[in-house]
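Engineer: Have a look at this one before I ask anything.
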Amino acid sequence: MSEFDDIQVKDTNTIYGSTIINHAKRIQMDLSMAEYCVADFIEYANGKRKLVTYEYAYRRLGLKKELFIPLMASLRNKGYITDEQNNIKVTRKWLDTFMVGAEWFDAFWNIRGKPYWPGSKKDAQKKFEKACYQYSPEFIIQCRDNYVKFMNHPANKFRQIMMATVFLNIETERFKEDWLGQLKRLNGKDLMEPRKVTILTAEEKKQLFS
């Protein structure tokens, strides 16, 4: 039985879209999936409206009021929202859980103290913070290291480093590509059998970096 089994969706055209749940953060915060989705919506709504009322929130979420109230009470008791004078806001406790410290981005942006990536640092930091809603900064930096190893291989003739905003784009997730697998190929260490180091053809490069 799911915690959503008793939640009734209202028949309305104003229901707010969708939420990507970071389950590692959710468990860390001791939140149910429903609580997480409600708090995520409140944060979104705070950025769009000066006043977020109970009625506005449960109607946009498509929840019955009697089911929405207990979720809000739990979030309030856990310190993730405030609702003074029916103006609902997420707290610093909620925001801090998702904040990515500048030291993480600097570790991504720099190699041996020098910038590695072309393009706008400011735009890249926004992409980095967005990606860290779904993946840990440690994971993204490890992906960066794998990419650097691949790009530094002498047999890799594609020497132009992609922009950090492209690498971090959460829609395409270029950072998750199998860079170590490509490195093995350049090393001639195929998983099935050894083979000579090969130079990527124009078509292979197009497929790899399109």
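Labels for the structure tokens follow display order: chains A, B, ..., residues from 1 in each chain, ligands from 1.
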Please provide as a PyMOL selection string all residues within 7 Å of segment 98-112 of chain A, with the sequence filter that same-chain residues fewer than 5 positions apart are discarded (counting only C-alpha atoms).

Structural biologist: chain A and resi 117+125+128-129+133+137+141

Engineer: Taking C-alpha atoms for each residue, export the selection above as a tab-separated table (two decimals), in the first residue's frame.

Structural biologist:
chain	number	residue	atom	x	y	z
A	117	TRP	CA	36.26	25.14	-18.58
A	125	GLN	CA	27.56	27.58	-11.42
A	128	PHE	CA	26.11	22.92	-11.33
A	129	GLU	CA	23.72	23.80	-8.51
A	133	TYR	CA	19.60	18.66	-6.81
A	137	PRO	CA	28.71	17.15	-6.08
A	141	ILE	CA	33.35	16.07	-9.94

Engineer: Contacts of Asp178 of chain A at 10 Å or less, counting only C-alpha atoms, minus same-chain residues fewer than 6 places along, as a list in words?

Structural biologist: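 Contacts, with the query itself left out: Cys143, Asn146, Tyr147 and Phe150 of chain A.
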
Engineer: Would you export the selected residues with N, CA and C atoms as a short mmCIF file (atom, residue, chain, number, x, y, z; two decimals), in the first residue's frame, please?

Structural biologist:
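Wrote selection.cif, looks like this:
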data_model
loop_
_atom_site.label_atom_id
_atom_site.label_comp_id
_atom_site.auth_asym_id
_atom_site.auth_seq_id
_atom_site.Cartn_x
_atom_site.Cartn_y
_atom_site.Cartn_z
N CYS A 143 32.85 12.62 -12.43
CA CYS A 143 32.55 12.60 -13.87
C CYS A 143 33.45 13.58 -14.61
N ASN A 146 36.83 12.02 -15.02
CA ASN A 146 36.83 11.01 -16.09
C ASN A 146 36.90 11.68 -17.46
N TYR A 147 36.16 12.78 -17.60
CA TYR A 147 36.16 13.52 -18.87
C TYR A 147 37.55 14.09 -19.15
N PHE A 150 39.90 11.45 -20.38
CA PHE A 150 39.62 11.13 -21.78
C PHE A 150 40.16 12.20 -22.71
#

Engineer: Would you mind listing what lies within 9 Å of Val148 of chain A as a list of chain:residue names, with only C-alpha atoms counted and same-chain residues fewer than 4 positions away left out?

Structural biologist: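 My list of contacting residues is A:Cys143, A:Arg144, A:Asn152, A:His153, A:Ile161, A:Trp179.
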
Engineer: Let me make sure I understand: among A:Lys122, A:Ala39, A:Phe68, A:Ala45, which one has the smallest atom-to-atom distance to Ile81 of chain A if we use only C-alpha atoms?

Structural biologist: A:Ala39

Engineer: With distances taken over only C-alpha atoms, which of A:Leu186, A:Glu138, A:Thr97, A:Pro70 is nearest to Arg26 of chain A?

Structural biologist: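 Selected residue with least distance to Arg26 of chain A: A:Thr97.
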
Engineer: I'd like to know which residues of chain A are strand (DSSP E or B) (by DSSP, run on the backbone); could you write them as a compact mmCIF listing (two decimals) with N, CA and C atoms, in the first residue's frame?

Structural biologist:
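What ended up in result_21.txt:
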# COMPACT_ATOMS: atom_id res chain seq x y z
N VAL A 9 -7.16 13.33 -5.90
CA VAL A 9 -6.84 14.45 -6.78
C VAL A 9 -8.12 15.16 -7.19
N LEU A 63 -4.93 18.57 -4.15
CA LEU A 63 -5.20 17.76 -2.97
C LEU A 63 -6.46 18.23 -2.25
N ILE A 81 8.75 24.35 6.98
CA ILE A 81 7.90 25.44 6.49
C ILE A 81 7.41 26.28 7.67
N THR A 82 7.05 27.51 7.37
CA THR A 82 6.35 28.37 8.32
C THR A 82 5.05 28.82 7.65
N LYS A 89 5.80 29.62 3.71
CA LYS A 89 7.15 29.75 3.17
C LYS A 89 8.00 28.56 3.61
N VAL A 90 8.94 28.17 2.76
CA VAL A 90 9.92 27.19 3.21
C VAL A 90 10.94 27.90 4.09
N ASN A 110 37.86 24.39 -11.26
CA ASN A 110 39.31 24.52 -11.32
C ASN A 110 40.01 23.16 -11.29
N ILE A 111 41.15 23.10 -11.94
CA ILE A 111 42.05 21.95 -11.83
C ILE A 111 43.43 22.51 -11.49
N LYS A 114 43.58 26.30 -11.41
CA LYS A 114 43.33 27.09 -12.61
C LYS A 114 42.03 26.66 -13.28
N PRO A 115 41.26 27.61 -13.83
CA PRO A 115 39.99 27.26 -14.50
C PRO A 115 40.23 26.29 -15.65
N LYS A 189 42.15 -1.04 -25.05
CA LYS A 189 41.81 -2.06 -24.06
C LYS A 189 40.32 -2.34 -24.11
N PRO A 194 42.09 -7.20 -26.70
CA PRO A 194 42.96 -6.04 -26.94
C PRO A 194 42.93 -5.66 -28.42

Engineer: Tell me, as a PDB file with N, CA and C atoms, in the first residue's frame, which residues lie within 12 Å of Met72 of chain A, counting only C-alpha atoms; anything in the same chain fewer than 3 positions away does not count.

Structural biologist:
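Listed below is the output, part-v3.pdb:
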ATOM      1  N   LEU A  31      11.546  12.858   5.438  1.00  0.00           N
ATOM      2  CA  LEU A  31      10.290  13.272   4.822  1.00  0.00           C
ATOM      3  C   LEU A  31       9.688  12.123   4.021  1.00  0.00           C
ATOM      4  N   SER A  32       8.361  12.055   4.026  1.00  0.00           N
ATOM      5  CA  SER A  32       7.682  11.132   3.124  1.00  0.00           C
ATOM      6  C   SER A  32       7.722  11.729   1.725  1.00  0.00           C
ATOM      7  N   ALA A  34       5.181  12.405  -0.129  1.00  0.00           N
ATOM      8  CA  ALA A  34       4.143  13.438  -0.215  1.00  0.00           C
ATOM      9  C   ALA A  34       4.613  14.727   0.425  1.00  0.00           C
ATOM     10  N   GLU A  35       5.270  14.634   1.590  1.00  0.00           N
ATOM     11  CA  GLU A  35       5.782  15.824   2.267  1.00  0.00           C
ATOM     12  C   GLU A  35       6.824  16.530   1.409  1.00  0.00           C
ATOM     13  N   TYR A  36       7.699  15.751   0.796  1.00  0.00           N
ATOM     14  CA  TYR A  36       8.737  16.311  -0.066  1.00  0.00           C
ATOM     15  C   TYR A  36       8.113  17.084  -1.225  1.00  0.00           C
ATOM     16  N   CYS A  37       7.111  16.474  -1.870  1.00  0.00           N
ATOM     17  CA  CYS A  37       6.467  17.119  -3.025  1.00  0.00           C
ATOM     18  C   CYS A  37       5.776  18.414  -2.619  1.00  0.00           C
ATOM     19  N   VAL A  38       5.119  18.418  -1.452  1.00  0.00           N
ATOM     20  CA  VAL A  38       4.439  19.626  -0.979  1.00  0.00           C
ATOM     21  C   VAL A  38       5.452  20.732  -0.708  1.00  0.00           C
ATOM     22  N   ALA A  39       6.540  20.401   0.004  1.00  0.00           N
ATOM     23  CA  ALA A  39       7.548  21.415   0.325  1.00  0.00           C
ATOM     24  C   ALA A  39       8.225  21.938  -0.946  1.00  0.00           C
ATOM     25  N   PHE A  41       6.859  22.178  -3.862  1.00  0.00           N
ATOM     26  CA  PHE A  41       5.914  23.106  -4.487  1.00  0.00           C
ATOM     27  C   PHE A  41       5.910  24.449  -3.765  1.00  0.00           C
ATOM     28  N   ILE A  42       5.952  24.434  -2.423  1.00  0.00           N
ATOM     29  CA  ILE A  42       5.950  25.681  -1.656  1.00  0.00           C
ATOM     30  C   ILE A  42       7.167  26.527  -2.030  1.00  0.00           C
ATOM     31  N   THR A  53      -1.063  31.059   0.061  1.00  0.00           N
ATOM     32  CA  THR A  53      -2.031  30.679   1.078  1.00  0.00           C
ATOM     33  C   THR A  53      -2.288  29.172   1.048  1.00  0.00           C
ATOM     34  N   TYR A  54      -2.959  28.698   2.088  1.00  0.00           N
ATOM     35  CA  TYR A  54      -3.315  27.285   2.136  1.00  0.00           C
ATOM     36  C   TYR A  54      -4.199  26.919   0.939  1.00  0.00           C
ATOM     37  N   ALA A  57      -2.297  26.717  -2.294  1.00  0.00           N
ATOM     38  CA  ALA A  57      -1.381  25.574  -2.349  1.00  0.00           C
ATOM     39  C   ALA A  57      -2.122  24.266  -2.596  1.00  0.00           C
ATOM     40  N   TYR A  58      -3.166  23.984  -1.804  1.00  0.00           N
ATOM     41  CA  TYR A  58      -3.796  22.666  -1.992  1.00  0.00           C
ATOM     42  C   TYR A  58      -4.580  22.583  -3.296  1.00  0.00           C
ATOM     43  N   LEU A  63      -4.930  18.572  -4.152  1.00  0.00           N
ATOM     44  CA  LEU A  63      -5.200  17.756  -2.973  1.00  0.00           C
ATOM     45  C   LEU A  63      -6.456  18.234  -2.251  1.00  0.00           C
ATOM     46  N   LYS A  65      -8.395  19.397   0.963  1.00  0.00           N
ATOM     47  CA  LYS A  65      -7.914  20.210   2.076  1.00  0.00           C
ATOM     48  C   LYS A  65      -7.627  19.362   3.305  1.00  0.00           C
ATOM     49  N   GLU A  66      -8.522  18.391   3.585  1.00  0.00           N
ATOM     50  CA  GLU A  66      -8.356  17.583   4.783  1.00  0.00           C
ATOM     51  C   GLU A  66      -7.130  16.675   4.717  1.00  0.00           C
ATOM     52  N   LEU A  67      -6.608  16.424   3.526  1.00  0.00           N
ATOM     53  CA  LEU A  67      -5.391  15.637   3.376  1.00  0.00           C
ATOM     54  C   LEU A  67      -4.144  16.529   3.332  1.00  0.00           C
ATOM     55  N   PHE A  68      -4.349  17.765   2.884  1.00  0.00           N
ATOM     56  CA  PHE A  68      -3.248  18.708   2.787  1.00  0.00           C
ATOM     57  C   PHE A  68      -2.834  19.219   4.165  1.00  0.00           C
ATOM     58  N   ILE A  69      -3.794  19.470   5.052  1.00  0.00           N
ATOM     59  CA  ILE A  69      -3.520  20.043   6.368  1.00  0.00           C
ATOM     60  C   ILE A  69      -2.543  19.189   7.186  1.00  0.00           C
ATOM     61  N   LEU A  75       5.262  19.034   8.134  1.00  0.00           N
ATOM     62  CA  LEU A  75       6.373  19.846   7.630  1.00  0.00           C
ATOM     63  C   LEU A  75       6.710  20.987   8.588  1.00  0.00           C
ATOM     64  N   ARG A  76       5.683  21.569   9.175  1.00  0.00           N
ATOM     65  CA  ARG A  76       5.906  22.654  10.138  1.00  0.00           C
ATOM     66  C   ARG A  76       6.616  22.123  11.383  1.00  0.00           C
ATOM     67  N   ASN A  77       6.167  20.966  11.882  1.00  0.00           N
ATOM     68  CA  ASN A  77       6.771  20.388  13.082  1.00  0.00           C
ATOM     69  C   ASN A  77       8.223  19.972  12.859  1.00  0.00           C
ATOM     70  N   LYS A  78       8.533  19.592  11.619  1.00  0.00           N
ATOM     71  CA  LYS A  78       9.912  19.197  11.290  1.00  0.00           C
ATOM     72  C   LYS A  78      10.790  20.395  10.940  1.00  0.00           C
ATOM     73  N   GLY A  79      10.185  21.585  10.891  1.00  0.00           N
ATOM     74  CA  GLY A  79      10.960  22.805  10.691  1.00  0.00           C
ATOM     75  C   GLY A  79      11.238  23.194   9.261  1.00  0.00           C
ATOM     76  N   TYR A  80      10.451  22.636   8.307  1.00  0.00           N
ATOM     77  CA  TYR A  80      10.729  22.920   6.902  1.00  0.00           C
ATOM     78  C   TYR A  80       9.836  24.005   6.311  1.00  0.00           C
ATOM     79  N   ILE A  81       8.750  24.348   6.977  1.00  0.00           N
ATOM     80  CA  ILE A  81       7.902  25.439   6.494  1.00  0.00           C
ATOM     81  C   ILE A  81       7.415  26.285   7.673  1.00  0.00           C
ATOM     82  N   THR A  82       7.053  27.511   7.369  1.00  0.00           N
ATOM     83  CA  THR A  82       6.347  28.370   8.320  1.00  0.00           C
ATOM     84  C   THR A  82       5.052  28.816   7.648  1.00  0.00           C
ATOM     85  N   ASP A  83       4.047  29.127   8.430  1.00  0.00           N
ATOM     86  CA  ASP A  83       2.769  29.539   7.847  1.00  0.00           C
ATOM     87  C   ASP A  83       2.130  30.656   8.667  1.00  0.00           C
ATOM     88  N   ASN A  86      -1.175  32.713   7.465  1.00  0.00           N
ATOM     89  CA  ASN A  86      -1.579  31.992   6.259  1.00  0.00           C
ATOM     90  C   ASN A  86      -0.687  32.330   5.068  1.00  0.00           C
ATOM     91  N   ILE A  88       2.523  30.873   3.547  1.00  0.00           N
ATOM     92  CA  ILE A  88       3.382  29.694   3.677  1.00  0.00           C
ATOM     93  C   ILE A  88       4.726  29.945   3.002  1.00  0.00           C
ATOM     94  N   LYS A  89       5.800  29.619   3.712  1.00  0.00           N
ATOM     95  CA  LYS A  89       7.148  29.755   3.173  1.00  0.00           C
ATOM     96  C   LYS A  89       8.003  28.565   3.615  1.00  0.00           C
ATOM     97  N   VAL A  90       8.942  28.168   2.762  1.00  0.00           N
ATOM     98  CA  VAL A  90       9.919  27.185   3.209  1.00  0.00           C
ATOM     99  C   VAL A  90      10.937  27.900   4.095  1.00  0.00           C
TER     100      VAL A  90
END

Engineer: Could you check the closest approach to Ala124 of chain A for each of A:Tyr56, A:Tyr44, A:Phe175, A:Phe167 and tell me which residue wins, using only C-alpha atoms?

Structural biologist: A:Phe167

Engineer: So that I can check the secondary structure, give me every residue of chain A assigned helix (DSSP H, G or I) by backbone DSSP, as number ranges by chain.

Structural biologist: A: 23-28, 33-46, 54-61, 65-77, 84-86, 92-98, 102-109, 121-131, 137-152, 164-167, 174-176, 179-187, 202-209

Engineer: Quick one, how far is atom CA of Glu173 of chain A from atom CA of Leu95 of chain A?

Structural biologist: 24.0 Å
